[in-house]
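K.L.:
File name input16.csv; file contents CSV, C-alpha atoms and all ligand atoms; full text below.
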```csv
chain,number,residue,atom,x,y,z
A,201,MET,CA,152.1,158.5,-5.6
A,202,SER,CA,152.7,157.6,-9.3
A,203,ALA,CA,150.1,156.0,-11.4
A,204,PRO,CA,150.1,152.1,-11.1
A,205,LEU,CA,152.5,150.7,-13.6
A,206,GLU,CA,150.0,148.3,-15.1
A,207,ALA,CA,147.9,151.3,-16.1
A,208,CYS,CA,150.5,153.7,-17.3
A,209,CYS,CA,150.4,154.5,-21.0
A,210,PRO,CA,151.3,158.2,-21.4
A,211,SER,CA,149.9,160.3,-24.3
A,212,ASP,CA,152.5,161.7,-26.8
A,213,THR,CA,152.6,165.1,-25.0
A,214,ALA,CA,152.9,163.5,-21.6
A,215,ARG,CA,155.7,161.2,-23.0
A,216,MET,CA,157.6,164.3,-24.3
A,217,ASN,CA,157.3,165.9,-20.9
A,218,LEU,CA,158.4,162.7,-19.2
A,219,ASP,CA,161.4,162.3,-21.6
A,220,ALA,CA,162.5,165.9,-20.7
A,221,ALA,CA,162.1,165.1,-17.0
A,222,LEU,CA,164.1,161.9,-17.3
A,223,ASP,CA,166.8,163.8,-19.2
A,224,ARG,CA,167.0,166.1,-16.3
A,225,VAL,CA,167.2,163.3,-13.7
A,226,ALA,CA,169.9,161.5,-15.8
A,227,GLU,CA,171.8,164.7,-16.1
A,228,SER,CA,171.7,165.5,-12.4
A,229,LEU,CA,172.8,162.0,-11.5
A,230,SER,CA,175.6,161.6,-13.9
A,231,GLY,CA,178.8,162.7,-12.2
A,232,SER,CA,177.2,162.5,-8.7
A,233,ILE,CA,176.0,158.9,-8.4
A,234,THR,CA,178.5,156.0,-8.1
A,235,GLY,CA,176.2,153.3,-9.7
A,236,ARG,CA,175.1,153.0,-13.3
A,237,VAL,CA,172.6,155.4,-14.9
A,238,ARG,CA,171.4,154.6,-18.4
A,239,ARG,CA,168.8,155.9,-20.8
A,240,SER,CA,166.7,153.4,-22.8
A,241,TRP,CA,168.3,150.3,-21.2
A,242,PRO,CA,167.1,146.8,-22.3
A,243,LEU,CA,165.2,145.0,-19.5
A,244,ALA,CA,164.5,141.7,-21.2
A,245,PRO,CA,167.9,140.2,-20.2
A,246,LEU,CA,167.2,141.2,-16.6
A,247,THR,CA,164.0,139.0,-16.4
A,248,THR,CA,163.4,135.3,-16.5
A,249,TYR,CA,160.9,135.7,-19.3
A,250,ARG,CA,163.5,137.5,-21.3
A,251,LEU,CA,160.7,139.5,-22.9
A,252,GLY,CA,159.8,143.2,-23.1
A,253,GLY,CA,161.2,146.6,-24.0
A,254,PRO,CA,163.7,149.0,-22.3
A,255,ALA,CA,163.5,151.2,-19.3
A,256,ALA,CA,163.4,154.9,-20.2
A,257,LEU,CA,165.8,155.4,-17.3
A,258,TYR,CA,167.7,152.6,-15.6
A,259,VAL,CA,169.5,153.3,-12.4
A,260,GLU,CA,171.7,150.9,-10.3
A,261,PRO,CA,172.3,152.7,-7.0
A,262,ALA,CA,175.5,151.5,-5.3
A,263,GLY,CA,174.4,152.4,-1.8
A,264,ALA,CA,172.5,154.7,0.5
A,265,ARG,CA,174.1,157.9,-0.7
A,266,ASP,CA,173.1,157.0,-4.3
A,267,LEU,CA,169.6,156.4,-3.2
A,268,GLU,CA,169.4,159.7,-1.6
A,269,LEU,CA,170.7,161.4,-4.7
A,270,LEU,CA,168.3,159.5,-6.9
A,271,GLY,CA,165.4,160.3,-4.6
A,272,ALA,CA,166.3,164.0,-4.6
A,273,ALA,CA,166.6,164.1,-8.4
A,274,LEU,CA,163.2,162.4,-8.8
A,275,ARG,CA,161.6,164.8,-6.4
A,276,GLY,CA,163.2,167.6,-8.4
A,277,VAL,CA,161.0,166.6,-11.4
A,278,GLY,CA,157.8,166.1,-9.5
A,279,LEU,CA,157.8,162.4,-8.4
A,280,GLU,CA,155.3,163.2,-5.7
A,281,ALA,CA,152.9,164.6,-8.3
A,282,GLY,CA,152.9,161.2,-10.0
A,283,ALA,CA,154.8,162.4,-13.1
A,284,ILE,CA,157.1,159.4,-13.2
A,285,PRO,CA,156.4,155.7,-13.0
A,286,VAL,CA,159.0,153.9,-10.8
A,287,LEU,CA,159.7,150.2,-10.7
A,288,PRO,CA,162.1,148.5,-8.3
A,289,LEU,CA,163.6,145.5,-10.1
A,290,GLY,CA,165.1,142.4,-8.5
A,291,ARG,CA,166.0,139.3,-10.5
A,292,GLY,CA,162.9,139.8,-12.7
A,293,SER,CA,161.5,136.3,-11.9
A,294,ASN,CA,157.9,137.5,-11.2
A,295,LEU,CA,157.5,140.1,-13.9
A,296,VAL,CA,156.3,140.6,-17.4
A,297,VAL,CA,157.7,143.8,-18.8
A,298,SER,CA,155.6,145.4,-21.6
A,299,ASP,CA,156.9,145.2,-25.2
A,300,ASP,CA,157.0,149.0,-25.1
A,301,GLY,CA,159.2,148.9,-22.0
A,302,ILE,CA,158.8,151.1,-18.9
A,303,PRO,CA,158.3,154.8,-19.6
A,304,GLY,CA,159.8,155.7,-16.2
A,305,VAL,CA,162.6,154.8,-13.9
A,306,VAL,CA,163.7,151.3,-13.2
A,307,ILE,CA,165.8,150.9,-10.0
A,308,ARG,CA,167.8,147.8,-9.5
A,309,LEU,CA,170.2,147.2,-6.7
A,310,GLY,CA,173.3,145.5,-8.2
A,311,SER,CA,175.8,143.0,-6.9
A,312,ARG,CA,177.0,145.3,-4.2
A,313,ALA,CA,173.7,144.7,-2.5
A,314,ALA,CA,174.1,140.9,-2.6
A,315,TRP,CA,175.6,140.0,0.8
A,316,ILE,CA,174.8,138.1,4.0
A,317,GLU,CA,176.2,139.0,7.5
A,318,PRO,CA,175.5,136.8,10.6
A,319,TRP,CA,174.5,138.7,13.7
A,320,GLY,CA,177.0,136.6,15.7
A,321,PRO,CA,176.2,135.0,19.0
A,322,PRO,CA,172.6,134.8,20.2
A,323,GLN,CA,171.2,138.2,20.9
A,324,PRO,CA,169.6,139.0,24.2
A,325,GLY,CA,165.9,139.2,23.8
A,326,LEU,CA,165.5,137.2,20.7
A,327,PRO,CA,162.0,135.8,20.6
A,328,GLU,CA,163.1,132.2,19.9
A,329,GLU,CA,165.5,130.4,22.1
A,330,GLY,CA,168.4,128.9,20.1
A,331,SER,CA,167.7,131.0,17.0
A,332,ARG,CA,170.3,133.0,15.1
A,333,GLY,CA,170.1,136.1,13.0
A,334,ALA,CA,171.5,137.2,9.7
A,335,THR,CA,171.1,140.4,7.6
A,336,ALA,CA,171.0,140.0,3.9
A,337,GLY,CA,171.2,142.7,1.2
A,338,ALA,CA,168.2,143.0,-1.1
A,339,ALA,CA,170.0,141.8,-4.2
A,340,THR,CA,171.0,138.5,-2.5
A,341,ALA,CA,169.5,135.5,-4.4
A,342,LEU,CA,167.0,133.5,-2.3
A,343,PRO,CA,168.8,130.2,-3.0
A,344,GLN,CA,172.1,131.8,-1.8
A,345,LEU,CA,170.4,132.7,1.5
A,346,ALA,CA,168.9,129.2,1.8
A,347,ASN,CA,172.3,127.6,1.2
A,348,TRP,CA,174.1,130.0,3.6
A,349,ALA,CA,171.6,129.0,6.4
A,350,ALA,CA,171.9,125.3,5.6
A,351,ARG,CA,175.7,125.4,5.9
A,352,ARG,CA,175.3,126.8,9.4
A,353,GLY,CA,172.6,124.4,10.5
A,354,LEU,CA,169.9,127.1,10.5
A,355,GLU,CA,166.4,126.2,9.3
A,356,GLY,CA,163.4,128.1,7.9
A,357,MET,CA,164.7,129.2,4.4
A,358,GLU,CA,164.9,125.7,2.8
A,359,PHE,CA,161.7,126.4,0.8
A,360,ALA,CA,163.6,129.1,-1.1
A,361,VAL,CA,166.4,126.8,-2.4
A,362,ALA,CA,165.0,126.8,-6.0
A,363,ILE,CA,163.1,130.1,-6.1
A,364,PRO,CA,165.1,132.3,-8.6
A,365,GLY,CA,164.3,135.6,-7.0
A,366,SER,CA,166.1,138.1,-4.7
A,367,VAL,CA,165.5,139.0,-1.1
A,368,GLY,CA,164.0,142.3,-2.1
A,369,GLY,CA,161.5,140.8,-4.6
A,370,GLY,CA,160.9,137.9,-2.3
A,371,LEU,CA,159.8,140.2,0.5
A,372,ARG,CA,157.6,142.3,-1.8
A,373,MET,CA,155.9,139.1,-3.1
A,374,ASN,CA,156.1,137.2,0.2
A,375,ALA,CA,157.7,134.3,-1.7
A,376,GLY,CA,156.9,130.9,-0.4
A,377,ALA,CA,156.7,127.2,-1.2
A,378,TYR,CA,156.0,123.9,0.5
A,379,GLY,CA,153.9,125.5,3.1
A,380,ARG,CA,156.5,128.0,4.2
A,381,GLU,CA,157.0,131.7,3.3
A,382,ILE,CA,159.6,134.4,3.7
A,383,ALA,CA,157.4,136.3,6.1
A,384,GLU,CA,157.9,133.6,8.8
A,385,CYS,CA,161.7,134.2,8.8
A,386,VAL,CA,162.0,137.9,8.5
A,387,ALA,CA,162.3,140.1,11.6
A,388,ALA,CA,162.7,143.6,10.1
A,389,VAL,CA,163.3,145.2,6.7
A,390,ARG,CA,165.2,148.4,5.8
A,391,VAL,CA,163.3,150.3,3.1
A,392,PHE,CA,164.4,153.4,1.3
A,393,SER,CA,161.2,155.4,0.8
A,394,LEU,CA,161.2,157.3,-2.5
A,395,ASP,CA,158.3,159.4,-1.2
A,396,ARG,CA,160.0,160.5,2.0
A,397,LEU,CA,163.6,160.1,0.8
A,398,VAL,CA,164.6,158.3,4.1
A,399,LEU,CA,165.8,154.9,5.1
A,400,GLU,CA,163.1,153.4,7.3
A,401,VAL,CA,163.1,150.3,9.4
A,402,ARG,CA,159.9,148.3,9.3
A,403,SER,CA,159.2,145.3,11.5
A,404,ARG,CA,157.5,142.1,10.2
A,405,SER,CA,154.2,143.2,11.7
A,406,GLU,CA,154.2,146.4,9.8
A,407,LEU,CA,154.7,144.8,6.4
A,408,GLY,CA,151.1,143.5,5.9
A,409,PHE,CA,152.2,140.0,4.8
A,410,ALA,CA,149.6,137.7,3.4
A,411,TYR,CA,149.6,134.9,0.8
A,412,ARG,CA,152.1,136.2,-1.9
A,413,ARG,CA,151.6,139.8,-0.8
A,414,SER,CA,153.0,142.5,1.4
A,415,ASN,CA,152.1,146.2,1.7
A,416,LEU,CA,155.4,147.3,0.1
A,417,SER,CA,154.7,149.7,-2.7
A,418,GLU,CA,156.6,150.7,-5.9
A,419,HIS,CA,158.0,153.6,-3.8
A,420,ASP,CA,159.5,151.3,-1.1
A,421,LEU,CA,162.9,150.0,-2.2
A,422,VAL,CA,164.0,147.2,0.1
A,423,VAL,CA,167.7,147.7,0.9
A,424,ASP,CA,168.3,144.8,3.3
A,425,ALA,CA,166.5,142.6,5.8
A,426,ASP,CA,167.1,140.9,9.1
A,427,PHE,CA,166.2,137.2,9.3
A,428,LEU,CA,165.7,135.1,12.3
A,429,LEU,CA,166.5,131.4,11.8
A,430,ALA,CA,166.1,128.5,14.2
A,431,ARG,CA,168.9,126.0,15.0
A,432,GLY,CA,168.2,122.7,13.2
A,433,ASP,CA,169.8,119.5,12.1
A,434,THR,CA,172.1,120.2,9.1
A,435,ALA,CA,171.5,116.8,7.6
A,436,ALA,CA,167.7,117.1,7.8
A,437,ILE,CA,167.9,120.7,6.4
A,438,ARG,CA,170.0,119.5,3.4
A,439,LYS,CA,167.7,116.5,2.9
A,440,ARG,CA,164.6,118.8,2.7
A,441,MET,CA,166.4,121.1,0.2
A,442,ASP,CA,167.4,118.1,-2.0
A,443,GLU,CA,163.8,116.9,-2.0
A,444,TYR,CA,162.5,120.3,-3.0
A,445,ARG,CA,165.0,120.6,-5.8
A,446,ARG,CA,164.2,117.1,-7.1
A,447,HIS,CA,160.4,117.8,-6.8
A,448,ARG,CA,160.8,121.0,-8.9
A,449,ALA,CA,163.0,119.5,-11.5
A,450,SER,CA,160.3,116.8,-12.2
A,451,THR,CA,157.2,119.0,-11.9
A,452,GLN,CA,158.1,122.5,-13.3
A,453,PRO,CA,159.6,123.7,-16.5
A,454,GLY,CA,162.3,125.6,-14.6
A,455,ALA,CA,164.8,126.1,-17.4
A,456,ALA,CA,162.2,127.4,-19.9
A,457,GLN,CA,161.4,131.2,-20.2
A,458,ASN,CA,158.8,131.7,-17.5
A,459,ALA,CA,158.1,133.6,-14.3
A,460,GLY,CA,156.9,130.8,-12.0
A,461,SER,CA,153.2,130.4,-11.1
A,462,VAL,CA,151.1,132.6,-13.2
A,463,PHE,CA,148.0,132.6,-10.9
A,464,ARG,CA,147.7,132.6,-7.1
A,465,ASN,CA,146.1,129.4,-5.8
A,466,PRO,CA,142.5,130.1,-4.9
A,467,PRO,CA,141.6,129.1,-1.3
A,468,GLY,CA,141.4,125.3,-1.0
A,469,ASP,CA,142.3,124.6,-4.6
A,470,SER,CA,145.2,124.9,-7.0
A,471,ALA,CA,145.3,127.1,-10.1
A,472,GLY,CA,147.2,124.4,-12.0
A,473,ARG,CA,144.5,121.8,-11.3
A,474,LEU,CA,141.7,124.2,-12.5
A,475,ILE,CA,143.6,125.1,-15.7
A,476,GLU,CA,144.2,121.5,-16.5
A,477,ALA,CA,140.6,120.6,-15.7
A,478,ALA,CA,139.6,123.3,-18.2
A,479,GLY,CA,141.6,121.4,-20.9
A,480,LEU,CA,144.1,124.2,-21.4
A,481,LYS,CA,147.4,122.4,-21.1
A,482,GLY,CA,149.4,123.2,-24.2
A,483,CYS,CA,147.0,126.0,-25.2
A,484,ASN,CA,148.9,129.0,-26.7
A,485,LYS,CA,148.7,132.6,-27.7
A,486,GLY,CA,151.4,133.7,-30.2
A,487,GLY,CA,154.7,132.4,-28.8
A,488,VAL,CA,153.6,131.6,-25.3
A,489,ALA,CA,152.0,128.3,-24.2
A,490,VAL,CA,150.5,126.7,-21.1
A,491,SER,CA,153.3,124.3,-20.0
A,492,SER,CA,152.5,120.6,-20.5
A,493,LEU,CA,154.5,119.8,-17.3
A,494,HIS,CA,152.7,122.2,-15.0
A,495,ALA,CA,149.5,124.1,-16.2
A,496,ASN,CA,150.1,127.1,-13.9
A,497,PHE,CA,153.4,127.9,-15.7
A,498,PHE,CA,153.2,129.6,-19.1
A,499,VAL,CA,156.4,129.3,-21.2
A,500,ALA,CA,157.7,131.5,-23.9
A,501,GLY,CA,159.2,130.2,-27.1
A,502,PRO,CA,161.0,131.8,-30.0
A,503,GLY,CA,159.4,135.0,-31.3
A,504,ALA,CA,157.2,135.4,-28.2
A,505,LEU,CA,156.0,138.8,-27.1
A,506,ALA,CA,155.2,140.1,-23.6
A,507,GLN,CA,151.7,140.8,-25.0
A,508,ASP,CA,151.3,137.1,-25.8
A,509,VAL,CA,151.7,136.3,-22.1
A,510,ARG,CA,149.0,138.9,-21.2
A,511,ASP,CA,146.7,137.5,-23.9
A,512,LEU,CA,147.1,133.9,-22.7
A,513,VAL,CA,146.5,135.0,-19.1
A,514,GLU,CA,143.2,136.7,-20.1
A,515,HIS,CA,142.2,133.7,-22.2
A,516,VAL,CA,142.9,131.1,-19.5
A,517,ARG,CA,141.3,133.3,-16.8
A,518,ALA,CA,138.1,133.5,-18.8
A,519,ALA,CA,138.1,129.8,-19.7
A,520,VAL,CA,138.6,128.7,-16.1
A,521,TYR,CA,135.8,131.0,-15.0
A,522,GLU,CA,133.5,129.4,-17.6
A,523,THR,CA,134.3,125.8,-16.6
A,524,SER,CA,134.6,126.2,-12.8
A,525,GLY,CA,133.2,129.5,-11.8
A,526,VAL,CA,136.5,130.4,-10.1
A,527,GLU,CA,138.1,133.7,-10.9
A,528,LEU,CA,141.8,133.3,-10.9
A,529,GLU,CA,144.0,136.2,-9.9
A,530,PRO,CA,147.4,136.7,-11.5
A,531,GLU,CA,150.5,136.3,-9.2
A,532,ILE,CA,152.9,137.4,-12.0
A,533,ARG,CA,153.1,141.2,-12.3
A,534,PHE,CA,152.6,143.0,-15.7
A,535,VAL,CA,154.5,146.2,-15.8
A,536,GLY,CA,154.1,148.9,-18.4
A,537,ALA,CA,151.4,149.2,-21.0
A,538,PHE,CA,149.5,146.2,-22.4
A,539,ASN,CA,146.5,145.9,-24.8
A,540,GLN,CA,143.3,144.7,-23.2
A,541,GLN,CA,142.1,141.8,-25.4
A,542,ASP,CA,138.9,140.0,-25.7
A,543,ALA,CA,139.4,136.9,-23.6
A,544,ALA,CA,138.2,134.6,-26.4
A,601,LIG,C1,161.0,128.9,-12.3
A,601,LIG,C2,160.4,129.8,-11.2
A,601,LIG,C3,159.9,129.2,-10.1
A,601,LIG,C4,159.3,130.1,-9.1
A,601,LIG,N1,158.9,129.5,-7.9
A,601,LIG,C5,158.3,130.3,-7.0
A,601,LIG,C6,157.9,129.7,-5.8
A,601,LIG,O1,158.0,128.5,-5.5
A,601,LIG,N2,157.3,130.6,-4.8
A,601,LIG,C7,157.2,131.9,-5.1
A,601,LIG,O2,156.7,132.6,-4.2
A,601,LIG,N3,157.6,132.5,-6.2
A,601,LIG,C8,158.2,131.7,-7.2
A,601,LIG,N4,158.6,132.3,-8.4
A,601,LIG,C9,158.4,133.7,-8.6
A,601,LIG,C10,159.5,134.6,-8.1
A,601,LIG,O3,160.8,133.9,-8.2
A,601,LIG,C11,159.3,135.2,-6.7
A,601,LIG,O4,158.1,136.0,-6.7
A,601,LIG,C12,160.5,136.1,-6.3
A,601,LIG,O5,160.3,136.4,-5.0
A,601,LIG,C13,160.6,137.4,-7.1
A,601,LIG,O6,161.8,138.0,-6.8
A,601,LIG,P1,162.6,138.9,-7.9
A,601,LIG,O7,163.8,139.4,-7.2
A,601,LIG,O8,162.8,138.1,-9.1
A,601,LIG,O9,161.5,140.1,-8.1
A,601,LIG,P2,161.1,140.8,-9.4
A,601,LIG,O10,160.4,139.8,-10.3
A,601,LIG,O11,162.2,141.5,-10.0
A,601,LIG,O12,160.0,141.8,-8.9
A,601,LIG,C14,158.8,141.3,-8.2
A,601,LIG,C15,158.2,142.4,-7.5
A,601,LIG,O13,159.1,142.8,-6.4
A,601,LIG,C16,159.4,144.2,-6.5
A,601,LIG,N5,160.8,144.3,-6.1
A,601,LIG,C17,161.9,143.7,-6.6
A,601,LIG,N6,163.0,144.0,-5.9
A,601,LIG,C18,162.6,144.9,-5.0
A,601,LIG,C19,163.3,145.7,-3.9
A,601,LIG,N7,164.6,145.6,-3.7
A,601,LIG,N8,162.6,146.5,-3.2
A,601,LIG,C20,161.2,146.6,-3.3
A,601,LIG,N9,160.5,145.9,-4.3
A,601,LIG,C21,161.2,145.1,-5.1
A,601,LIG,C22,159.2,144.5,-8.0
A,601,LIG,O14,158.9,145.9,-8.1
A,601,LIG,C23,158.0,143.7,-8.3
A,601,LIG,O15,156.8,144.3,-7.8
A,601,LIG,C24,159.2,131.5,-9.3
A,601,LIG,C25,159.7,132.0,-10.5
A,601,LIG,C26,160.3,131.2,-11.5
A,601,LIG,C27,160.8,131.8,-12.7
```
Could you render the structure from this file as structure tokens?

P.N.:
Amino acid sequence: MSAPLEACCPSDTARMNLDAALDRVAESLSGSITGRVRRSWPLAPLTTYRLGGPAALYVEPAGARDLELLGAALRGVGLEAGAIPVLPLGRGSNLVVSDDGIPGVVIRLGSRAAWIEPWGPPQPGLPEEGSRGATAGAATALPQLANWAARRGLEGMEFAVAIPGSVGGGLRMNAGAYGREIAECVAAVRVFSLDRLVLEVRSRSELGFAYRRSNLSEHDLVVDADFLLARGDTAAIRKRMDEYRRHRASTQPGAAQNAGSVFRNPPGDSAGRLIEAAGLKGCNKGGVAVSSLHANFFVAGPGALAQDVRDLVEHVRAAVYETSGVELEPEIRFVGAFNQQDAA
């Protein structure tokens, strides 16, 4: 397995070796792969924070064959030995990419992986009577899946109507809101394993879902997933979705540059309440500030750096610990190299 992305900061020599290896991967893919392959490709426009540097190698596989070619090319330069950091990227709504970028391979399934197919009439043996199934490609936007289900009078995905992530990222993070989470609706997931270079089917019980977590790793690329949705009342489903949208619009800085909740809620409490109680609303580091609308959202302004987000996270974490004794754990993911700062 490769080194964790949060910790990866190669030395000059290692970076030169990595560059040479990535040249070889890019070379072997160009001409054989259908999707895009780019060196030094900007990632900021692909994230909701719109911060951070480029991917040393950016690949947009168009399908299973491209994934196999990519996997084989990576293996050819020693992926198993941990030589190359790999990052699957969805809609970049839960990530902070380092200002130095990602010194490895960023893999993003493009628009061809954004699709939803119903399973058709009820399947024999479905666990819930009256439920229907659908399969969605990993790049499908979560609100698209929620709206698709609502149009058909299927319930379970309403919570996702305003979560700006993809099916792939949603499964990795076990996205959820309003007491529901994606783990409750998913039946099985097809994953391309970059370690074994095979497409594997994993059932819900094998995915280790917990609060905003799964056991999917950087080497597990979600390709598509089967969802099981119960029949419901279309008007009631739409009403819930409207309520969720309205609630968000009035309580969260959705349009600003951010990546949603910064910290996981500690058991029995809310991170936003603890941050507010520590008097940190409006507090800032560089161009990033704690939102005055919702204290668990940190918003970036003009001139902000990804490092500012990291510094503010460390500062807030230390201040909340000092005032409440609670150690907050980040929900947003930092990828690439960051400086460890004094929390003060
Ligand atoms: C305004 C706003 C509101 C939000 N509200 C919520 C909320 O209510 N609830 C909630 O849970 N989250 C919320 N989020 C966070 C975010 O939208 C979710 O975590 C979402 O599921 C992330 O999906 P993504 O496609 O953007 O993933 P990314 O941010 O691109 O990636 C997140 C993680 O998933 C991995 N990943 C991405 N695609 C794949 C793939 N195909 N295969 C394997 N791994 C993959 C990445 O490597 C990374 O580890 C919010 C974010 C914003 C900006």

K.L.:
Find the residues near ligand LIG 601 (chain A). Use a cut-off of 7 Å, count only C-alpha atoms and all ligand atoms, and write them as a VMD selection string.

P.N.:
chain A and resid 248 287 to 295 308 to 309 338 to 339 362 to 377 412 416 418 420 to 423 453 to 455 458 to 461 533

K.L.:
Have a look at A:Leu354, A:Ala500, A:Val398, A:Leu429 and name the one nearest to Ala383 of chain A; count all atoms listed in the file.

P.N.:
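Comparing A:Leu354, A:Ala500, A:Val398, A:Leu429 against Ala383 of chain A, the winner is A:Leu429.
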
K.L.:
Let me make sure I understand: among A:Leu397, A:Ala477, A:Ala244, A:Ala272, which one has the smallest atom-to-atom distance to Ala506 of chain A if we use all atoms listed in the file?

P.N.:
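Smallest distance to Ala506 of chain A is found for A:Ala244.
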
K.L.:
Take atom CA of Gly482 of chain A and atom CA of Gln452 of chain A and report the distance between them in Å, one decimal.

P.N.:
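Separating atom CA of Gly482 of chain A from atom CA of Gln452 of chain A is a distance of 14.0 Å.
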
K.L.:
What is the atom CA of Gly503 of chain A to atom CA of Val488 of chain A distance in Å?

P.N.:
9.0 Å

K.L.:
When you look at segment 297-307 of chain A with a cut-off of 6 Å (counting only C-alpha atoms), what residues show up, excluding the ones that are within fewer than 6 positions of it in the same chain? I need them as a list in words.

P.N.:
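These residues fall inside the cut-off: Gly252, Gly253, Pro254, Ala255, Ala256, Leu257, Tyr258, Val259, Glu260, Ile284, Pro285, Val286, Leu287, Pro288, Leu289, Ala506, Val535, Gly536 and Ala537 of chain A.
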
K.L.:
What would the file look like if the residues just selected were written as an mmCIF file, keeping the file's coordinate frame with C-alpha atoms?

P.N.:
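The result, written out as out_11.cif:
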```
data_model
loop_
_atom_site.group_PDB
_atom_site.id
_atom_site.type_symbol
_atom_site.label_atom_id
_atom_site.label_comp_id
_atom_site.auth_asym_id
_atom_site.auth_seq_id
_atom_site.Cartn_x
_atom_site.Cartn_y
_atom_site.Cartn_z
ATOM 1 C CA GLY A 252 159.800 143.200 -23.100
ATOM 2 C CA GLY A 253 161.200 146.600 -24.000
ATOM 3 C CA PRO A 254 163.700 149.000 -22.300
ATOM 4 C CA ALA A 255 163.500 151.200 -19.300
ATOM 5 C CA ALA A 256 163.400 154.900 -20.200
ATOM 6 C CA LEU A 257 165.800 155.400 -17.300
ATOM 7 C CA TYR A 258 167.700 152.600 -15.600
ATOM 8 C CA VAL A 259 169.500 153.300 -12.400
ATOM 9 C CA GLU A 260 171.700 150.900 -10.300
ATOM 10 C CA ILE A 284 157.100 159.400 -13.200
ATOM 11 C CA PRO A 285 156.400 155.700 -13.000
ATOM 12 C CA VAL A 286 159.000 153.900 -10.800
ATOM 13 C CA LEU A 287 159.700 150.200 -10.700
ATOM 14 C CA PRO A 288 162.100 148.500 -8.300
ATOM 15 C CA LEU A 289 163.600 145.500 -10.100
ATOM 16 C CA ALA A 506 155.200 140.100 -23.600
ATOM 17 C CA VAL A 535 154.500 146.200 -15.800
ATOM 18 C CA GLY A 536 154.100 148.900 -18.400
ATOM 19 C CA ALA A 537 151.400 149.200 -21.000
#
```

K.L.:
Which polymer residues have any atom within 7 Å of an atom of segment 424-426 of chain A, counting all atoms listed in the file, with same-chain residues fewer than 5 positions away left out, as a ChimeraX atom specification?

P.N.:
/A:333-338,386-390

K.L.:
Of the residues A:Val296, A:Val361, A:Val462, A:Ala314, which is the one nearest to Glu529 of chain A, using all atoms listed in the file?

P.N.:
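Checking each candidate against Glu529 of chain A, we get A:Val462 as the closest.
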
K.L.:
Write out as a ChimeraX atom specification the residues lying within 8 Å of Cys385 of chain A, counting only C-alpha atoms and excluding same-chain residues fewer than 6 positions away.

P.N.:
/A:356-357,427-429

K.L.:
Would you compute the distance between atom CA of Arg351 of chain A and atom CA of Arg438 of chain A? Give it in Å to one decimal.

P.N.:
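Atom CA of Arg438 of chain A lies 8.6 Å from atom CA of Arg351 of chain A.
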
K.L.:
For the point (165.7, 155.4, -7.1) in the file's frame, write as a list of chain:residue names all residues with an atom no more than 6 Å away, counting only C-alpha atoms.

P.N.:
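Protein, DNA and RNA residues close to (165.7, 155.4, -7.1): A:Leu267, A:Leu270, A:Gly271, A:Ile307.
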
K.L.:
Those same residues - C-alpha atoms - I'd like them written as a CSV table (one decimal), in the coordinates of the input.

P.N.:
```csv
chain,number,residue,atom,x,y,z
A,267,LEU,CA,169.6,156.4,-3.2
A,270,LEU,CA,168.3,159.5,-6.9
A,271,GLY,CA,165.4,160.3,-4.6
A,307,ILE,CA,165.8,150.9,-10.0
```

K.L.:
For Ala346 of chain A, find every residue with an atom within 8 Å (counting all atoms listed in the file), except residues of its own chain fewer than 2 positions away, and show them as a list of chain:residue names.

P.N.:
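With the cut-off at 8 Å, the set is A:Leu342, A:Pro343, A:Gln344, A:Trp348, A:Ala349, A:Ala350, A:Met357, A:Glu358, A:Phe359, A:Ala360, A:Val361.
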
K.L.:
List as an MDAnalysis selection string the protein and nucleic acid residues near His494 of chain A, meaning an atom at most 8 Å away when only C-alpha atoms are counted, but skip any in the same chain fewer than 3 places from it.

P.N.:
chainID A and resid 451:453 472 490:491 497

K.L.:
Rank A:Glu384, A:Glu443, A:Glu476, A:Asp508 by their smallest atom-to-atom distance to Ala495 of chain A, using only C-alpha atoms, and report the top residue only.

P.N.:
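For Ala495 of chain A, the nearest of the candidates is A:Glu476.
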
K.L.:
Find the residue from A:Ala341, A:Ile437, A:Val526, A:Ala489 that sits nearest to Asp469 of chain A; use all atoms listed in the file when measuring.

P.N.:
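Residue with the minimum atom-to-atom distance to Asp469 of chain A: A:Val526.
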
K.L.:
Listed atoms of segment 397-415 of chain A, axis-aligned box, 5 Å per side: centre and edge lengths to one decimal in Å, as AutoDock Vina command-line options?

P.N.:
```
--center_x 157.7 --center_y 147.5 --center_z 4.9 --size_x 26.2 --size_y 35.2 --size_z 23.6
```

K.L.:
From the options A:Lys485, A:Arg265, A:Met216, A:Leu345, which residue's atoms come nearest to Ile382 of chain A, counting all atoms listed in the file?

P.N.:
A:Leu345
